[in-house]
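J.: Could you have a look at this structure, given as structure tokens, before my questions?
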Amino acid sequence: MIELSTERLVLRPFCLDDVDALHTLWADREVRRYLFDGEVPARERVVEMVENSVAGFEELGYGFFSLRRRQSPNEIMGFSGFRPFDEVGVVEMLFAVEPAHWGRGYATEASREVLRHGFEQCGLRRVVATTDTPNQRSVRVLQRLGLFFEKRRERHGLDTVYYAMTADEFRASDLTSDRAVGIAE
């Protein structure tokens, strides 16, 4: 089983034991505001997302990781990872952290390690990330990670910004060194 870690976090691939904790995380009003467009995802949808992630790790080497603080490794505080995007051959990065942990750099720290895994272990050539334009917290995380603004357009009826990074851009960034750990948000 793949497990990633940073100075403060342990990242574990989703498993069915995570469904209840993820459902609670994704039902949070602030988390689902941009992730699920305000809708509380049905438990069945959470199960499907976990199953898709498990299959993704088996078939592609990537999926979603639960985020856990080292001092509380049994408590899920967020997630980060990849899934196939709308366009064939394109991989999308997603992340979220529960509001009680916002502003501490966890999303940046975890997503940095996920990017490293994607580019160095999975051989991804390019990653995209999208967010609703008003979600400036996520935009700042994407910018800290070194993703480049690509475009702004409507997606699923929402004003959306697109950011991207290639494997070469990742290798050229400071994100490949341990110096980037713990960036404050």
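FYI, nothing fancy with the structure tokens labels: chains A, B, ... in order, residues from 1 per chain, ligands from 1 as they appear.
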Quick one: everything within 12 Å of Lys151 (chain A), counting only C-alpha atoms, minus sequence neighbours fewer than 6 positions away in the same chain. Send it as a list in words.
T.: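 So, after excluding close chain neighbours, the residues are Val128, Ala129, Thr130, Thr131, Thr133, Asp159, Thr160, Val161, Tyr162, Tyr163 and Ala164 of chain A.
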J.: Filtering to N, CA and C atoms, could you give me those residues as a JSON list (two decimals), in the first residue's frame?
T.:
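Output below, filename part.json:
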[["chain", "number", "residue", "atom", "x", "y", "z"],
["A", 128, "VAL", "N", -3.88, 19.16, -14.24],
["A", 128, "VAL", "CA", -4.70, 20.37, -14.21],
["A", 128, "VAL", "C", -5.45, 20.42, -12.89],
["A", 129, "ALA", "N", -5.84, 21.62, -12.50],
["A", 129, "ALA", "CA", -6.68, 21.82, -11.33],
["A", 129, "ALA", "C", -7.63, 22.95, -11.67],
["A", 130, "THR", "N", -8.89, 22.78, -11.32],
["A", 130, "THR", "CA", -9.88, 23.81, -11.56],
["A", 130, "THR", "C", -10.54, 24.18, -10.25],
["A", 131, "THR", "N", -11.03, 25.40, -10.20],
["A", 131, "THR", "CA", -11.82, 25.82, -9.04],
["A", 131, "THR", "C", -12.75, 26.93, -9.48],
["A", 133, "THR", "N", -14.10, 30.43, -9.67],
["A", 133, "THR", "CA", -13.33, 31.67, -9.59],
["A", 133, "THR", "C", -13.40, 32.34, -8.22],
["A", 159, "ASP", "N", -18.45, 29.89, -13.25],
["A", 159, "ASP", "CA", -17.25, 30.62, -13.65],
["A", 159, "ASP", "C", -16.06, 29.90, -13.02],
["A", 160, "THR", "N", -15.17, 29.36, -13.85],
["A", 160, "THR", "CA", -14.12, 28.47, -13.38],
["A", 160, "THR", "C", -12.76, 28.91, -13.91],
["A", 161, "VAL", "N", -11.74, 28.81, -13.04],
["A", 161, "VAL", "CA", -10.36, 29.05, -13.46],
["A", 161, "VAL", "C", -9.64, 27.71, -13.56],
["A", 162, "TYR", "N", -8.76, 27.62, -14.54],
["A", 162, "TYR", "CA", -7.97, 26.42, -14.80],
["A", 162, "TYR", "C", -6.50, 26.74, -14.56],
["A", 163, "TYR", "N", -5.84, 25.89, -13.81],
["A", 163, "TYR", "CA", -4.40, 25.98, -13.58],
["A", 163, "TYR", "C", -3.79, 24.66, -14.02],
["A", 164, "ALA", "N", -2.52, 24.67, -14.38],
["A", 164, "ALA", "CA", -1.86, 23.44, -14.84],
["A", 164, "ALA", "C", -0.38, 23.47, -14.51]]
J.: I need the residues in region 1-183 of chain A that are strand (DSSP E or B) according to DSSP; give them as a ChimeraX atom specification.
T.: /A:4-5,9-13,64-69,78-84,91-97,126-132,148-155,158-166
J.: Quick one: contact table of region 83-141 of chain A to region 11-24 of chain A, 12 Å max, nearest atom pair and distance in Å to one decimal per residue, counting only C-alpha atoms, chain and number order, as CSV?
T.:
residue,atom,partner,partner_atom,distance
A:Ala96,CA,A:Leu22,CA,10.6
A:Val97,CA,A:Leu22,CA,10.8
A:Glu98,CA,A:Thr24,CA,9.7
A:Tyr106,CA,A:Leu11,CA,11.2
A:Ala107,CA,A:Leu11,CA,11.5
A:Glu109,CA,A:Leu11,CA,10.6
A:Ala110,CA,A:Leu11,CA,7.5
A:Ser111,CA,A:Leu11,CA,9.9
A:Arg112,CA,A:Leu11,CA,11.5
A:Glu113,CA,A:Leu11,CA,8.8
A:Val114,CA,A:Leu11,CA,8.6
A:His117,CA,A:Leu11,CA,11.1
J.: Pull N, CA and C atoms from the residues just selected and write them as a PDB file, in the first residue's frame.
T.:
ATOM      1  N   ALA A  96      -9.066  19.264  -0.427  1.00  0.00           N
ATOM      2  CA  ALA A  96      -9.901  19.993   0.524  1.00  0.00           C
ATOM      3  C   ALA A  96      -9.407  19.674   1.926  1.00  0.00           C
ATOM      4  N   VAL A  97      -9.542  20.647   2.814  1.00  0.00           N
ATOM      5  CA  VAL A  97      -9.180  20.490   4.213  1.00  0.00           C
ATOM      6  C   VAL A  97     -10.345  21.019   5.031  1.00  0.00           C
ATOM      7  N   GLU A  98     -10.645  20.356   6.137  1.00  0.00           N
ATOM      8  CA  GLU A  98     -11.757  20.830   6.962  1.00  0.00           C
ATOM      9  C   GLU A  98     -11.440  22.230   7.493  1.00  0.00           C
ATOM     10  N   TYR A 106      -1.770  23.127   5.362  1.00  0.00           N
ATOM     11  CA  TYR A 106      -1.955  21.693   5.150  1.00  0.00           C
ATOM     12  C   TYR A 106      -2.301  21.346   3.700  1.00  0.00           C
ATOM     13  N   ALA A 107      -3.176  22.119   3.062  1.00  0.00           N
ATOM     14  CA  ALA A 107      -3.547  21.827   1.674  1.00  0.00           C
ATOM     15  C   ALA A 107      -2.331  21.936   0.760  1.00  0.00           C
ATOM     16  N   GLU A 109       0.905  21.697   1.670  1.00  0.00           N
ATOM     17  CA  GLU A 109       1.864  20.657   2.041  1.00  0.00           C
ATOM     18  C   GLU A 109       1.455  19.293   1.475  1.00  0.00           C
ATOM     19  N   ALA A 110       0.193  18.936   1.642  1.00  0.00           N
ATOM     20  CA  ALA A 110      -0.283  17.642   1.147  1.00  0.00           C
ATOM     21  C   ALA A 110      -0.275  17.588  -0.377  1.00  0.00           C
ATOM     22  N   SER A 111      -0.761  18.626  -1.007  1.00  0.00           N
ATOM     23  CA  SER A 111      -0.839  18.627  -2.471  1.00  0.00           C
ATOM     24  C   SER A 111       0.536  18.659  -3.109  1.00  0.00           C
ATOM     25  N   ARG A 112       1.482  19.280  -2.450  1.00  0.00           N
ATOM     26  CA  ARG A 112       2.870  19.254  -2.927  1.00  0.00           C
ATOM     27  C   ARG A 112       3.377  17.818  -2.974  1.00  0.00           C
ATOM     28  N   GLU A 113       3.105  17.059  -1.921  1.00  0.00           N
ATOM     29  CA  GLU A 113       3.557  15.669  -1.868  1.00  0.00           C
ATOM     30  C   GLU A 113       2.801  14.809  -2.881  1.00  0.00           C
ATOM     31  N   VAL A 114       1.532  15.114  -3.082  1.00  0.00           N
ATOM     32  CA  VAL A 114       0.735  14.395  -4.080  1.00  0.00           C
ATOM     33  C   VAL A 114       1.274  14.679  -5.484  1.00  0.00           C
ATOM     34  N   HIS A 117       4.379  12.661  -5.966  1.00  0.00           N
ATOM     35  CA  HIS A 117       4.019  11.271  -6.245  1.00  0.00           C
ATOM     36  C   HIS A 117       3.551  11.114  -7.697  1.00  0.00           C
TER      37      HIS A 117
END
J.: Run DSSP on the backbone and tell me which residues of region 5-135 of chain A come out as alpha helix (DSSP H); list them as an mmCIF file with C-alpha atoms, in the first residue's frame.
T.:
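Saved result, result06.cif, follows:
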data_model
loop_
_atom_site.group_PDB
_atom_site.id
_atom_site.type_symbol
_atom_site.label_atom_id
_atom_site.label_comp_id
_atom_site.auth_asym_id
_atom_site.auth_seq_id
_atom_site.Cartn_x
_atom_site.Cartn_y
_atom_site.Cartn_z
ATOM 1 C CA VAL A 19 -16.437 6.583 3.840
ATOM 2 C CA ASP A 20 -18.076 7.902 7.016
ATOM 3 C CA ALA A 21 -15.256 10.363 7.773
ATOM 4 C CA LEU A 22 -15.197 11.581 4.154
ATOM 5 C CA HIS A 23 -18.986 11.946 4.112
ATOM 6 C CA THR A 24 -18.742 14.087 7.256
ATOM 7 C CA LEU A 25 -15.934 16.176 5.716
ATOM 8 C CA TRP A 26 -17.781 16.659 2.430
ATOM 9 C CA ALA A 27 -21.069 17.465 4.180
ATOM 10 C CA ARG A 29 -21.039 23.610 4.417
ATOM 11 C CA GLU A 30 -17.730 25.371 3.734
ATOM 12 C CA VAL A 31 -16.038 22.312 2.218
ATOM 13 C CA ARG A 32 -18.897 21.430 -0.116
ATOM 14 C CA ARG A 33 -19.431 25.061 -1.112
ATOM 15 C CA TYR A 34 -16.925 24.730 -3.959
ATOM 16 C CA LEU A 35 -16.328 21.009 -4.045
ATOM 17 C CA ARG A 43 -23.387 8.507 1.068
ATOM 18 C CA GLU A 44 -23.647 6.355 -2.069
ATOM 19 C CA ARG A 45 -21.749 9.014 -4.021
ATOM 20 C CA VAL A 46 -18.997 9.001 -1.400
ATOM 21 C CA VAL A 47 -18.787 5.198 -1.636
ATOM 22 C CA GLU A 48 -18.547 5.499 -5.438
ATOM 23 C CA MET A 49 -15.774 8.101 -5.193
ATOM 24 C CA VAL A 50 -13.820 5.899 -2.772
ATOM 25 C CA GLU A 51 -14.292 2.837 -5.003
ATOM 26 C CA ASN A 52 -13.179 4.838 -8.064
ATOM 27 C CA SER A 53 -10.086 5.987 -6.178
ATOM 28 C CA VAL A 54 -9.234 2.422 -5.102
ATOM 29 C CA ALA A 55 -9.615 1.293 -8.733
ATOM 30 C CA GLY A 56 -7.504 4.250 -9.877
ATOM 31 C CA PHE A 57 -4.624 3.207 -7.634
ATOM 32 C CA GLU A 58 -4.884 -0.370 -8.898
ATOM 33 C CA GLU A 59 -5.114 0.543 -12.596
ATOM 34 C CA LEU A 60 -3.243 3.854 -12.905
ATOM 35 C CA TYR A 106 -1.955 21.693 5.150
ATOM 36 C CA ALA A 107 -3.547 21.827 1.674
ATOM 37 C CA THR A 108 -0.318 23.137 0.157
ATOM 38 C CA GLU A 109 1.864 20.657 2.041
ATOM 39 C CA ALA A 110 -0.283 17.642 1.147
ATOM 40 C CA SER A 111 -0.839 18.627 -2.471
ATOM 41 C CA ARG A 112 2.870 19.254 -2.927
ATOM 42 C CA GLU A 113 3.557 15.669 -1.868
ATOM 43 C CA VAL A 114 0.735 14.395 -4.080
ATOM 44 C CA LEU A 115 2.224 16.254 -7.050
ATOM 45 C CA ARG A 116 5.617 14.731 -6.294
#
J.: Tell me which of A:Gly118, A:Leu67, A:Arg125, A:Gly81 sits closest to His101 (chain A), counting only C-alpha atoms.
T.: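 Among the listed residues, the smallest separation from His101 (chain A) belongs to A:Leu67.
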J.: Provide the CA of Val127 (chain A) to CA of Val90 (chain A) distance in Å, to one decimal place.
T.: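 The value is 6.9 Å.
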J.: Nearest residue to Gly146 (chain A) out of A:Met165, A:Gly123, A:Met93, A:Arg8, using only C-alpha atoms?
T.: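 Nearest to Gly146 (chain A): A:Met165.
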J.: Under the rule that only C-alpha atoms are counted, which of A:Leu142, A:Leu4, A:Val40, A:Val91 is the nearest residue to Asp28 (chain A)?
T.: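 Going through A:Leu142, A:Leu4, A:Val40, A:Val91 one by one, the smallest distance to Asp28 (chain A) is for A:Val40.
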J.: Please compute the CA of Arg152 (chain A)-CA of Gly89 (chain A) distance, one decimal, in Å.
T.: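 CA of Arg152 (chain A) sits 20.6 Å away from CA of Gly89 (chain A).
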J.: Quick one: of A:Val139, A:Pro73, A:Glu154, A:Gly63, who's nearest to Cys122 (chain A), counting only C-alpha atoms?
T.: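 Looking only at the distances to Cys122 (chain A), the closest residue turns out to be A:Gly63.
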J.: Which residue, A:Arg70, A:Ala172, A:Gly61, A:Phe36, has the smallest gap to Val10 (chain A) when you use only C-alpha atoms?
T.: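 Looking only at the distances to Val10 (chain A), the closest residue turns out to be A:Arg70.
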J.: Point out the residue among A:Glu75, A:Arg68, A:Tyr62, A:Ala42 with the least atom-to-atom distance to Glu92 (chain A), counting only C-alpha atoms.
T.: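 Nearest candidate to Glu92 (chain A) out of A:Glu75, A:Arg68, A:Tyr62, A:Ala42: A:Tyr62.
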J.: Just the number, please: distance in Å from CA of Gln143 (chain A) to CA of Arg83 (chain A), one decimal.
T.: 20.1 Å
